[in-house]
Amino acid sequence: MIGRFRVVRQFLRRPLGLTSAVFLVLVIISVALAKLIAPYDPLAQDYSAVLATPNAAHPLGTDQLGRDVLSRLLYGGQVTLIGILEAVVVAVVVGIILGLIAGYLGGPLDTVLSRLTELVMAIPGIVVLLMTYALTGNNAHAGMFVLGVLSVPTIYRVTRGAAAAVRGETFISASRVVGIGRGAIMVRHVLPNVWGPIIVNTAVLAAVTLGIQGGLNYLALGVNPPAPSWGGMVSEAQSSLLQQPWLMVPSGLTIALTIVAFLLIADALRDATDTRSDIPSSAPRQAVVEDSTAPSAAPEGALLAVDRLRVAFNGVRVVQDVRFSVAPGETIGIVGESGSGKTVTASAILDSLDAGASVTGCVWFQGVDLLHAPAHHRRAARGSGIAYISQDPMVALDPSFTVAGQLGELVARHHGLRGAARQRRVLELLDQVGLPDPAGTARRYPHQLSGGMAQRVSIACALAGNPKVLIADEPTTALDVTIQGEILDLLRRLRDDTGMAIVIITHDLGVIADIADRVVVMYAGEVVEQAAVEAVFASPGHPYTRALLAANPIASERGKPLMAIPGTVPRPGSWPTGCHFAVRCPFATEACSAAPIRLEPVANSEDHESRCIRIDEVLRSSRKEVVS
Amino acid sequence: MTATVESGSEVLKIRNLSVSYSQGFGRPRLRAVQGVDITVGRGETVSIVGESGSGKSTIGGAILGLTPVESGSIELYGEEIAGVTGKGRRALSARLQAVFQDPFSSLDPARTVRDSVSEPLRAETGLTSTQVRERVDEVLRRVGVDPALASRYPSAFSGGQRQRISIARALVRRPQLVVCDEAVSALDVSVQAQVLNLLDELQKEAGTSFVFISHNMAVVRHISDRIVVLYHGRIMEEGPAEDVADRPAHPYTRSLLAAVPVPEVNAQRARRMARTAATVRTEFAPVDGIGCPFAPRCPLAEARCVESTPPLVEFAPGRKSACVRINDSLAVGHEEGVALTTLDVAAS
Ligand SMILES: Nc1ncnc2c1ncn2[C@@H]1O[C@H](COP(=O)(O)OP(=O)(O)OP(=O)(O)O)[C@@H](O)[C@H]1O
Ligand code: SF4
Ligand code: SF4
Ligand SMILES: [Mg+2]
């Protein structure tokens, strides 16, 4: 899933991988040029200088027959490296072809191929290799070919896995619709998207092959002494270990370093092909709370209040100056389009921001600023005081435990209930979220639940700690519209029964109208308007809110174009200085782009705020003037 | 968007289409689509609407050759295309194209935008590389994407832009029929409006026909000429868009409409009441696939609803419903006020 050049760039940024690559290239070049640069014939013996330590004539010394070690290392490298190349090429070519076929086509072919590779893995490799050498008269190429075949499963498995993952992607369907053949799809669309893990494993395979081959050569398999090979040299050095320990160093170190180089390259490639690698590895594991300006006081009457919240990822600001508050029993809706900062805001409240995030501002909960409170306090508040449900209920549920199992664990953690009491509470919770058959549901595993049931169970999990606030991030987006209605009714009922407050995040103004008391409209990382729902729908106080309402197809006249908002939301990092909506706003003037706009009360309304300097003109104009 | 279908002008004619999926050894096959008829005229947009798992995408897949057809026929301009694959598909791709849902996975991340958009043209022989380049530039410009950016990878584009690029890919061969499977569902409202307008304009210019698959009644109401309402693989109701969306005849269509929340507080409060009133669990359920599939959730259900499967009958010119209590259902419909009547948002 990555551009080729990006991977190269990423790789070049990793010093260990880069050094290893340079080392390997140097080794390959010198070995290739052995004829030109080797000072001696690798077989030339000189009994006047046996077992010499490094000296001017022999930079790496000589062996027990007085042969030049450097020259033998260079020539021996040819056998070694060509052998690795043969084995790896066989493994990679065969592994990729079979892996693509099995992974992309699936079906019985996949089953057959997978069984076959398992069979190959079960074969004792050394026996096969010994037989090969025996039958082919110690032929090096035959040995390496067989080693390659034995290594096919490694490459086959990664290719198959990656290809099977890509198979379901829509772009594959799109190509099939166009009539592109299977073979062409595999080469053109599957392979480019799976080569990342393949090359990583190829590098590892090279390292492993070098190790095995060294061992074989050590046993004089696949090489005929006195012809040099790295493994053979180790074996020769061993026989004179007592007379001259140095002799072990050149060949042993070369093998070791080359193996390490392959492994480090694999490691660097793994990082470079990992799409998440943009986050520098030195980033702190936890989001950092930066000390903000003088902390404000906890707002009166608010259960949860967010003040001047600002979040940046790796220095790029994604949310700024967000503030709102929630009273007990109140439902507040945060509405905005993708990328407006809704989920980041929720994550900041929940202390669940990724590494690399820095947070400033205040998150007041029951009079305590969670962002600046001691860790145990934060955990306690976030564990039970503030609960969370997400768009995908399956995320909250562990597939390997029954509903009763995971809900029971939460009940035990929050209330210390055991045994029958615990079970009773579990069934009570399941009943409370409106599941028709609590006992039956409790016995099921998450995958046996429909989307709507799973969301009810995840709500039950959230309720286990009797939270004061429930943060629901797009709780109905993944559900059918008829189920959405049921979940909204359920949330409303729970709020009325328990008195908890709800913060519901959505992109759908209809959902806001259905359940929220107050609404916070976000655009490009900022709150642009907030007010009671009636006020926002009756007289929207920001051009963006108006445009959003008008673009809704519900409000359309059939056959007429929808009132689309031209352009797109500016991305974090490229926000304009002034109003973030300016480029798309029909009311925009120069002043709008001159300086940051403040969130200010809308004239003659206490509870209505808008981030627009031309609010008076906007309110005077007809609702139709929403689009330029 | 007022095309009427005269006989002989049908672009697509689906007859008695059934599709089922294997559920593994020893388990009965899952009947995803059963006996569906759909006709699409030239320049017409026919929407297939229904809940998750109702079989919408299966029908789209059958038209596009992505899903094997069990029985029935699919004709494109009178030519049978059900089950056509390989070379035959390649030939069809000049006339039949698709736009899929997810703007993030419908373009190959490892290929440039130019590669992706020109891919359908590979099947067209006799084009020089200059011609290919020109066609791609032209269609990108038409959908509002700067051709100078075509050498970039999809990751450089926003969701809305990617969907425009997917549309460009579908239109580059100037097809007669485009299947849009949830083509705007993943887009934000403001961008969704842009894309819907674009589809509409393109249709007006070229007379393209659309099969528009969606779960969103509001979108479907806006874009369609006719709406087909699907439930458990069967058609529940079918008719002109304004009739189905504003005067629904089938109890299921009504529950679908009642569930759409509208952005207006008082209107939504009233709709919520209607929605809650219409949410029931009954004692009736089809047995062995016989009976009305909606009976378990239908406020009007009674014993005869599950005695046999209600056929899809034409109860008024151009309007069909599969409900044995069609007259009672129509009578209820008048009182309930679940329709998405044009809200007064743009007026005040
Ligand atoms: N490849 C498949 N194998 C087995 N069952 C399938 C397969 N594809 C779809 N189904 C099943 O067929 C039925 C209809 O599915 P289909 O994808 O057509 O529904 P849909 O209306 O498009 O739903 P959604 O709105 O969720 O996209 C569902 O029960 C679904 O689980
Ligand atoms: S500040 Fe200016 S650009 Fe921004 S919303 Fe108001 S009028 Fe439009
Ligand atoms: S046939 Fe019966 S159960 Fe089915 S929709 Fe009509 S009234 Fe309801
Ligand atoms: Mg679908």
# chains A, B, ... in the order shown; residues from 1 in each chain; ligands from 1
>>> select_by_dssp(residues="region 59-101 of chain B", states="alpha helix (DSSP H)", output="list in words")
Ile59, Gly60, Gly61, Ala62, Ile63, Leu64, Gly86, Lys87, Gly88, Arg89, Arg90, Ala91 and Leu92 of chain B
>>> closest_atom_pairs(of="chain A", to="chain B", cutoff="7 Å", atoms="only C-alpha atoms", output="Markdown table")
| residue | atom | partner | partner_atom | distance |
| --- | --- | --- | --- | --- |
| A:Met1 | CA | B:Pro109 | CA | 5.4 |
| A:Ile2 | CA | B:Ala110 | CA | 6.1 |
| A:Gly3 | CA | B:Ala110 | CA | 6.0 |
| A:Glu169 | CA | B:Ser105 | CA | 5.9 |
| A:Thr170 | CA | B:Ser106 | CA | 4.5 |
| A:Phe171 | CA | B:Ser106 | CA | 4.1 |
| A:Ala174 | CA | B:Ser106 | CA | 6.9 |
| A:Val177 | CA | B:Leu64 | CA | 5.9 |
| A:Val178 | CA | B:Ser93 | CA | 5.1 |
| A:Gly179 | CA | B:Arg90 | CA | 3.8 |
| A:Ile180 | CA | B:Arg90 | CA | 6.8 |
| A:Gly181 | CA | B:Gly86 | CA | 6.2 |
| A:His189 | CA | B:Asp108 | CA | 6.7 |
| A:Pro192 | CA | B:Ala110 | CA | 6.0 |
| A:Asn193 | CA | B:Ala110 | CA | 6.2 |
| A:Glu337 | CA | B:Asp188 | CA | 5.7 |
| A:Ser338 | CA | B:Asp188 | CA | 6.7 |
| A:Asp480 | CA | B:Glu51 | CA | 5.9 |
| A:Val481 | CA | B:Ala259 | CA | 5.8 |
| A:Thr482 | CA | B:Ala259 | CA | 5.2 |
| A:Gly485 | CA | B:Ala259 | CA | 5.9 |
| A:Leu509 | CA | B:Pro263 | CA | 5.2 |
| A:Gly510 | CA | B:Pro263 | CA | 4.1 |
| A:Val511 | CA | B:Pro261 | CA | 5.9 |
| A:Ala513 | CA | B:Val265 | CA | 5.0 |
| A:Asp514 | CA | B:Gln268 | CA | 5.9 |
| A:Glu534 | CA | B:Val265 | CA | 6.2 |
| A:Phe537 | CA | B:Glu264 | CA | 5.9 |
| A:Leu548 | CA | B:Ser190 | CA | 6.3 |
| A:Ala550 | CA | B:Ala346 | CA | 6.3 |
| A:Ala551 | CA | B:Ser190 | CA | 5.6 |
| A:Asn552 | CA | B:Val189 | CA | 6.2 |
| A:Pro553 | CA | B:Ala218 | CA | 5.7 |
| A:Ile554 | CA | B:Ala218 | CA | 5.0 |
| A:Ala555 | CA | B:Leu343 | CA | 5.2 |
| A:Ser556 | CA | B:Thr342 | CA | 6.5 |
| A:Glu557 | CA | B:Thr342 | CA | 6.8 |
| A:Arg558 | CA | B:His222 | CA | 5.2 |
| A:Gly559 | CA | B:Met1 | CA | 6.9 |
| A:Pro561 | CA | B:Asn197 | CA | 5.6 |
| A:Leu562 | CA | B:Ala193 | CA | 5.7 |
| A:Met563 | CA | B:Ala193 | CA | 6.9 |
| A:Ala564 | CA | B:Ala193 | CA | 4.9 |
| A:Ile565 | CA | B:Ser190 | CA | 5.4 |
| A:Ser622 | CA | B:Ser348 | CA | 6.7 |
| A:Arg623 | CA | B:Ala346 | CA | 5.7 |
| A:Lys624 | CA | B:Ala346 | CA | 5.4 |
>>> write_last_selection(atoms="N, CA and C atoms", output="compact mmCIF listing (two decimals), in the first residue's frame")
# COMPACT_ATOMS: atom_id res chain seq x y z
N MET A 1 0.83 -1.19 0.00
CA MET A 1 0.00 0.00 0.00
C MET A 1 0.88 1.26 0.00
N ILE A 2 1.99 1.19 -0.67
CA ILE A 2 2.92 2.30 -0.50
C ILE A 2 3.60 2.59 -1.83
N GLY A 3 3.89 3.84 -2.07
CA GLY A 3 4.60 4.20 -3.28
C GLY A 3 6.02 3.68 -3.18
N GLU A 169 -10.30 -6.41 -1.95
CA GLU A 169 -10.35 -4.97 -2.13
C GLU A 169 -11.17 -4.61 -3.36
N THR A 170 -11.82 -3.46 -3.25
CA THR A 170 -12.69 -3.05 -4.34
C THR A 170 -11.95 -2.82 -5.65
N PHE A 171 -10.70 -2.38 -5.57
CA PHE A 171 -10.03 -2.08 -6.84
C PHE A 171 -9.82 -3.34 -7.67
N ALA A 174 -13.05 -3.66 -9.44
CA ALA A 174 -13.10 -2.65 -10.50
C ALA A 174 -12.36 -3.15 -11.74
N VAL A 177 -14.36 -5.93 -13.53
CA VAL A 177 -15.47 -5.39 -14.30
C VAL A 177 -15.01 -4.95 -15.68
N VAL A 178 -13.80 -4.44 -15.73
CA VAL A 178 -13.26 -3.97 -17.00
C VAL A 178 -12.82 -5.15 -17.86
N GLY A 179 -12.86 -6.35 -17.33
CA GLY A 179 -12.51 -7.52 -18.12
C GLY A 179 -11.03 -7.83 -18.11
N ILE A 180 -10.30 -7.29 -17.15
CA ILE A 180 -8.87 -7.63 -17.04
C ILE A 180 -8.77 -9.08 -16.55
N GLY A 181 -7.91 -9.85 -17.22
CA GLY A 181 -7.80 -11.27 -16.87
C GLY A 181 -7.14 -11.49 -15.52
N HIS A 189 -2.08 -5.69 -10.14
CA HIS A 189 -2.70 -5.11 -8.95
C HIS A 189 -2.37 -5.83 -7.65
N PRO A 192 2.06 -5.65 -6.81
CA PRO A 192 2.58 -4.38 -6.30
C PRO A 192 2.11 -4.08 -4.88
N ASN A 193 1.00 -4.67 -4.47
CA ASN A 193 0.50 -4.39 -3.14
C ASN A 193 0.95 -5.39 -2.10
N GLU A 337 -17.82 17.11 9.40
CA GLU A 337 -17.49 16.16 8.36
C GLU A 337 -16.18 15.46 8.70
N SER A 338 -15.80 14.48 7.89
CA SER A 338 -14.59 13.73 8.22
C SER A 338 -13.40 14.68 8.27
N ASP A 480 -27.94 -0.30 10.04
CA ASP A 480 -29.06 0.03 9.16
C ASP A 480 -29.89 1.13 9.79
N VAL A 481 -30.55 1.89 8.93
CA VAL A 481 -31.28 3.05 9.41
C VAL A 481 -32.40 2.65 10.38
N THR A 482 -33.03 1.50 10.18
CA THR A 482 -34.08 1.09 11.11
C THR A 482 -33.48 0.72 12.46
N GLY A 485 -32.48 3.89 14.49
CA GLY A 485 -33.59 4.46 15.27
C GLY A 485 -33.70 3.77 16.61
N LEU A 509 -26.79 15.47 10.62
CA LEU A 509 -27.59 16.45 11.36
C LEU A 509 -28.96 15.90 11.76
N GLY A 510 -29.43 14.89 11.03
CA GLY A 510 -30.69 14.25 11.39
C GLY A 510 -30.58 13.56 12.74
N VAL A 511 -29.46 12.89 12.98
CA VAL A 511 -29.24 12.23 14.27
C VAL A 511 -29.20 13.27 15.38
N ALA A 513 -30.76 16.15 15.38
CA ALA A 513 -32.13 16.61 15.62
C ALA A 513 -32.90 15.57 16.42
N ASP A 514 -32.56 14.33 16.24
CA ASP A 514 -33.30 13.26 16.90
C ASP A 514 -32.98 13.19 18.39
N GLU A 534 -32.63 23.56 18.74
CA GLU A 534 -33.69 24.34 18.11
C GLU A 534 -33.11 25.56 17.41
N PHE A 537 -31.10 24.72 14.16
CA PHE A 537 -31.87 24.37 12.97
C PHE A 537 -32.79 25.51 12.53
N LEU A 548 -24.17 23.12 5.22
CA LEU A 548 -24.31 21.69 5.53
C LEU A 548 -25.78 21.28 5.50
N ALA A 550 -28.13 22.77 3.80
CA ALA A 550 -28.67 22.89 2.45
C ALA A 550 -28.17 21.78 1.53
N ALA A 551 -26.99 21.23 1.83
CA ALA A 551 -26.45 20.18 0.95
C ALA A 551 -27.12 18.84 1.18
N ASN A 552 -27.89 18.73 2.24
CA ASN A 552 -28.54 17.46 2.57
C ASN A 552 -29.60 17.11 1.55
N PRO A 553 -29.51 15.93 0.96
CA PRO A 553 -30.49 15.58 -0.09
C PRO A 553 -31.91 15.50 0.45
N ILE A 554 -32.08 15.36 1.75
CA ILE A 554 -33.42 15.33 2.31
C ILE A 554 -34.16 16.62 1.96
N ALA A 555 -33.39 17.70 1.92
CA ALA A 555 -34.00 19.00 1.70
C ALA A 555 -34.11 19.35 0.21
N SER A 556 -33.82 18.38 -0.65
CA SER A 556 -33.70 18.73 -2.06
C SER A 556 -35.04 18.74 -2.78
N GLU A 557 -35.05 19.50 -3.85
CA GLU A 557 -36.17 19.38 -4.77
C GLU A 557 -35.69 18.45 -5.87
N ARG A 558 -36.46 17.44 -6.15
CA ARG A 558 -36.04 16.45 -7.13
C ARG A 558 -35.84 17.13 -8.48
N GLY A 559 -34.77 16.71 -9.18
CA GLY A 559 -34.54 17.25 -10.50
C GLY A 559 -33.70 18.52 -10.49
N PRO A 561 -30.27 20.57 -8.99
CA PRO A 561 -29.00 20.21 -8.37
C PRO A 561 -29.04 20.48 -6.86
N LEU A 562 -28.27 19.71 -6.11
CA LEU A 562 -28.16 19.94 -4.68
C LEU A 562 -27.28 21.15 -4.45
N MET A 563 -27.45 21.78 -3.32
CA MET A 563 -26.62 22.94 -3.02
C MET A 563 -25.32 22.46 -2.41
N ALA A 564 -24.42 22.03 -3.26
CA ALA A 564 -23.14 21.51 -2.79
C ALA A 564 -22.26 22.65 -2.32
N ILE A 565 -21.38 22.35 -1.37
CA ILE A 565 -20.38 23.34 -0.96
C ILE A 565 -19.18 23.14 -1.89
N SER A 622 -31.08 35.64 3.40
CA SER A 622 -32.01 34.50 3.26
C SER A 622 -31.22 33.20 3.38
N ARG A 623 -31.89 32.16 3.84
CA ARG A 623 -31.22 30.87 3.99
C ARG A 623 -30.73 30.32 2.66
N LYS A 624 -31.26 30.86 1.57
CA LYS A 624 -30.87 30.33 0.26
C LYS A 624 -29.44 30.70 -0.12
>>> residues_near_ligand(ligand="ligand 1", cutoff="6 Å", atoms="only C-alpha atoms and all ligand atoms", output="JSON, numbers by chain")
{"B": [21, 32, 51, 52, 53, 54, 55, 56, 57, 58]}
>>> atom_distance(atom1="CA of Ile28 (chain A)", atom2="CA of Gly99 (chain A)")
29.6 Å
>>> residues_near_ligand(ligand="ligand 3", cutoff="12 Å", atoms="only C-alpha atoms and all ligand atoms", output="PyMOL selection string")
chain B and resi 231+234-237+248-255+278+280-286+290-313+321-330+332
>>> residues_around(residues="Ser47 (chain B)", least_positions_apart="2", cutoff="6 Å", atoms="only C-alpha atoms", output="ChimeraX atom specification")
/B:211-213,224,227-228
>>> residues_near_ligand(ligand="ligand 2", cutoff="12 Å", atoms="only C-alpha atoms and all ligand atoms", output="NGL selection string")
:A and (523-524 or 526-529 or 540-547 or 576-600 or 610-619 or 621 or 625-628)
>>> residues_around(residues="Ile126 (chain A)", least_positions_apart="4", cutoff="10 Å", atoms="only C-alpha atoms", output="PyMOL selection string")
chain A and resi 130-132+147+150+212+216
>>> residues_around(residues="region 195-206 of chain A", least_positions_apart="4", cutoff="7 Å", atoms="only C-alpha atoms", output="compact mmCIF listing (two decimals) with N, CA, C and O atoms, in the first residue's frame")
# COMPACT_ATOMS: atom_id res chain seq x y z
N ILE A 84 23.81 -18.54 -2.74
CA ILE A 84 22.67 -17.88 -2.08
C ILE A 84 21.70 -17.37 -3.13
O ILE A 84 20.48 -17.54 -3.03
N VAL A 88 17.85 -18.42 -3.30
CA VAL A 88 16.85 -17.40 -3.04
C VAL A 88 15.96 -17.17 -4.26
O VAL A 88 14.74 -17.04 -4.15
N ILE A 155 8.36 -18.04 1.52
CA ILE A 155 7.88 -16.97 0.62
C ILE A 155 6.42 -17.23 0.25
O ILE A 155 5.61 -16.31 0.17
N VAL A 158 3.98 -15.88 3.05
CA VAL A 158 3.73 -14.42 3.13
C VAL A 158 2.99 -13.93 1.91
O VAL A 158 2.08 -13.11 2.00
N THR A 159 3.37 -14.45 0.72
CA THR A 159 2.70 -13.98 -0.49
C THR A 159 1.23 -14.35 -0.45
O THR A 159 0.36 -13.53 -0.73
N LEU A 191 0.40 -8.10 -7.01
CA LEU A 191 1.83 -8.11 -6.69
C LEU A 191 2.34 -6.77 -6.14
O LEU A 191 2.99 -6.75 -5.09
N LEU A 210 22.53 -18.26 3.85
CA LEU A 210 23.98 -18.12 4.04
C LEU A 210 24.45 -18.99 5.21
O LEU A 210 25.46 -19.68 5.13
N PHE A 262 22.28 -8.80 6.21
CA PHE A 262 20.99 -9.21 5.62
C PHE A 262 19.85 -8.97 6.60
O PHE A 262 18.79 -8.44 6.25
N LEU A 263 20.08 -9.32 7.85
CA LEU A 263 19.01 -9.19 8.85
C LEU A 263 18.68 -7.72 9.12
O LEU A 263 17.52 -7.34 9.24
N ILE A 265 19.10 -5.30 7.06
CA ILE A 265 18.40 -4.78 5.89
C ILE A 265 16.93 -5.18 5.95
O ILE A 265 16.03 -4.37 5.72
N ALA A 266 16.69 -6.43 6.32
CA ALA A 266 15.31 -6.90 6.44
C ALA A 266 14.56 -6.05 7.45
O ALA A 266 13.42 -5.62 7.21
N LEU A 269 13.84 -2.67 6.02
CA LEU A 269 12.80 -2.77 5.00
C LEU A 269 11.43 -2.94 5.66
O LEU A 269 10.43 -2.38 5.20
N ARG A 270 11.41 -3.71 6.74
CA ARG A 270 10.14 -3.91 7.42
C ARG A 270 9.60 -2.57 7.90
O ARG A 270 8.44 -2.25 7.71
N THR A 273 8.56 -0.34 4.80
CA THR A 273 7.35 -0.70 4.07
C THR A 273 6.12 -0.66 4.96
O THR A 273 5.01 -0.86 4.51
>>> atom_distance(atom1="CA of Pro42 (chain A)", atom2="CA of Ser20 (chain A)")
26.9 Å
>>> residues_around(residues="Val33 (chain B)", least_positions_apart="6", cutoff="6 Å", atoms="only C-alpha atoms", output="JSON, numbers by chain")
{"B": [18, 19, 55, 233]}
>>> write_last_selection(atoms="C-alpha atoms", output="PDB file, in the first residue's frame")
ATOM      1  CA  SER B  18     -31.830 -15.633  -8.336  1.00  0.00           C
ATOM      2  CA  VAL B  19     -28.470 -15.866  -6.646  1.00  0.00           C
ATOM      3  CA  GLY B  55     -29.100  -8.404  -1.705  1.00  0.00           C
ATOM      4  CA  GLY B 233     -33.541 -10.732  -1.568  1.00  0.00           C
TER       5      GLY B 233
END
>>> select_by_dssp(residues="region 168-328 of chain B", states="strand (DSSP E)", output="ChimeraX atom specification")
/B:177-181,209-214,226-231,234-240,313-316,319-321
>>> atom_distance(atom1="CA of Leu100 (chain A)", atom2="CA of Arg114 (chain B)")
25.2 Å
>>> closest_residue(among="B:Gly72, B:Gly144, B:Gly60, B:Gly126", to="ligand 4", atoms="only C-alpha atoms and all ligand atoms")
B:Gly60
>>> residues_around(residues="Arg308 (chain A)", least_positions_apart="2", cutoff="9 Å", atoms="only C-alpha atoms", output="list in words")
Val306, Arg310, Gln320, Asp321, Val322, Arg323, Thr360, Gly361, Cys362 and Val363 of chain A
>>> write_last_selection(atoms="N, CA and C atoms", output="CSV table (one decimal), in the first residue's frame")
chain,number,residue,atom,x,y,z
A,306,VAL,N,-14.8,20.9,28.3
A,306,VAL,CA,-13.5,21.0,27.5
A,306,VAL,C,-13.2,22.4,27.3
A,310,ARG,N,-6.4,21.8,22.5
A,310,ARG,CA,-5.6,21.8,21.2
A,310,ARG,C,-4.8,20.5,21.1
A,320,GLN,N,-8.0,22.8,17.4
A,320,GLN,CA,-7.6,23.9,18.2
A,320,GLN,C,-8.8,24.7,18.8
A,321,ASP,N,-8.5,25.2,19.9
A,321,ASP,CA,-9.5,26.1,20.6
A,321,ASP,C,-10.9,25.4,20.6
A,322,VAL,N,-11.0,24.2,21.0
A,322,VAL,CA,-12.3,23.5,21.2
A,322,VAL,C,-12.8,23.7,22.6
A,323,ARG,N,-14.0,24.2,22.7
A,323,ARG,CA,-14.5,24.2,24.1
A,323,ARG,C,-16.0,24.0,24.0
A,360,THR,N,-2.9,20.3,24.7
A,360,THR,CA,-2.9,21.4,25.6
A,360,THR,C,-4.4,21.8,25.9
A,361,GLY,N,-4.6,22.5,27.0
A,361,GLY,CA,-6.0,22.9,27.3
A,361,GLY,C,-6.4,22.2,28.6
A,362,CYS,N,-7.7,22.2,28.8
A,362,CYS,CA,-8.2,21.5,30.0
A,362,CYS,C,-9.4,20.6,29.7
A,363,VAL,N,-9.5,19.5,30.4
A,363,VAL,CA,-10.7,18.6,30.3
A,363,VAL,C,-11.2,18.5,31.7
>>> closest_residue(among="B:Val145, B:Arg174, B:Leu12, B:Arg319", to="Asp243 (chain B)", atoms="only C-alpha atoms")
B:Arg319
>>> decode(residues="region 191-207 of chain A", atoms="N, CA and C atoms", output="short mmCIF file (atom, residue, chain, number, x, y, z; two decimals), in the first residue's frame")
data_model
loop_
_atom_site.label_atom_id
_atom_site.label_comp_id
_atom_site.auth_asym_id
_atom_site.auth_seq_id
_atom_site.Cartn_x
_atom_site.Cartn_y
_atom_site.Cartn_z
N LEU A 191 0.40 -8.10 -7.01
CA LEU A 191 1.83 -8.11 -6.69
C LEU A 191 2.34 -6.77 -6.14
N PRO A 192 2.06 -5.65 -6.81
CA PRO A 192 2.58 -4.38 -6.30
C PRO A 192 2.11 -4.08 -4.88
N ASN A 193 1.00 -4.67 -4.47
CA ASN A 193 0.50 -4.39 -3.14
C ASN A 193 0.95 -5.39 -2.10
N VAL A 194 1.67 -6.43 -2.53
CA VAL A 194 2.11 -7.43 -1.55
C VAL A 194 3.63 -7.54 -1.47
N TRP A 195 4.34 -6.78 -2.32
CA TRP A 195 5.78 -7.02 -2.37
C TRP A 195 6.50 -6.57 -1.11
N GLY A 196 5.90 -5.70 -0.32
CA GLY A 196 6.55 -5.24 0.91
C GLY A 196 6.99 -6.39 1.80
N PRO A 197 6.01 -7.18 2.30
CA PRO A 197 6.39 -8.32 3.14
C PRO A 197 7.27 -9.33 2.40
N ILE A 198 7.09 -9.42 1.08
CA ILE A 198 7.90 -10.40 0.35
C ILE A 198 9.38 -10.03 0.40
N ILE A 199 9.70 -8.76 0.14
CA ILE A 199 11.15 -8.46 0.12
C ILE A 199 11.74 -8.55 1.52
N VAL A 200 10.96 -8.20 2.51
CA VAL A 200 11.48 -8.34 3.87
C VAL A 200 11.87 -9.80 4.12
N ASN A 201 10.96 -10.69 3.75
CA ASN A 201 11.23 -12.10 3.99
C ASN A 201 12.33 -12.65 3.11
N THR A 202 12.48 -12.04 1.93
CA THR A 202 13.56 -12.46 1.06
C THR A 202 14.91 -12.16 1.71
N ALA A 203 15.01 -10.98 2.32
CA ALA A 203 16.26 -10.62 2.98
C ALA A 203 16.56 -11.58 4.13
N VAL A 204 15.53 -11.91 4.88
CA VAL A 204 15.73 -12.86 5.98
C VAL A 204 16.17 -14.21 5.43
N LEU A 205 15.50 -14.61 4.33
CA LEU A 205 15.82 -15.90 3.72
C LEU A 205 17.28 -15.93 3.28
N ALA A 206 17.77 -14.82 2.73
CA ALA A 206 19.16 -14.76 2.29
C ALA A 206 20.08 -15.02 3.48
N ALA A 207 19.76 -14.41 4.62
CA ALA A 207 20.58 -14.61 5.81
C ALA A 207 20.58 -16.07 6.24
#
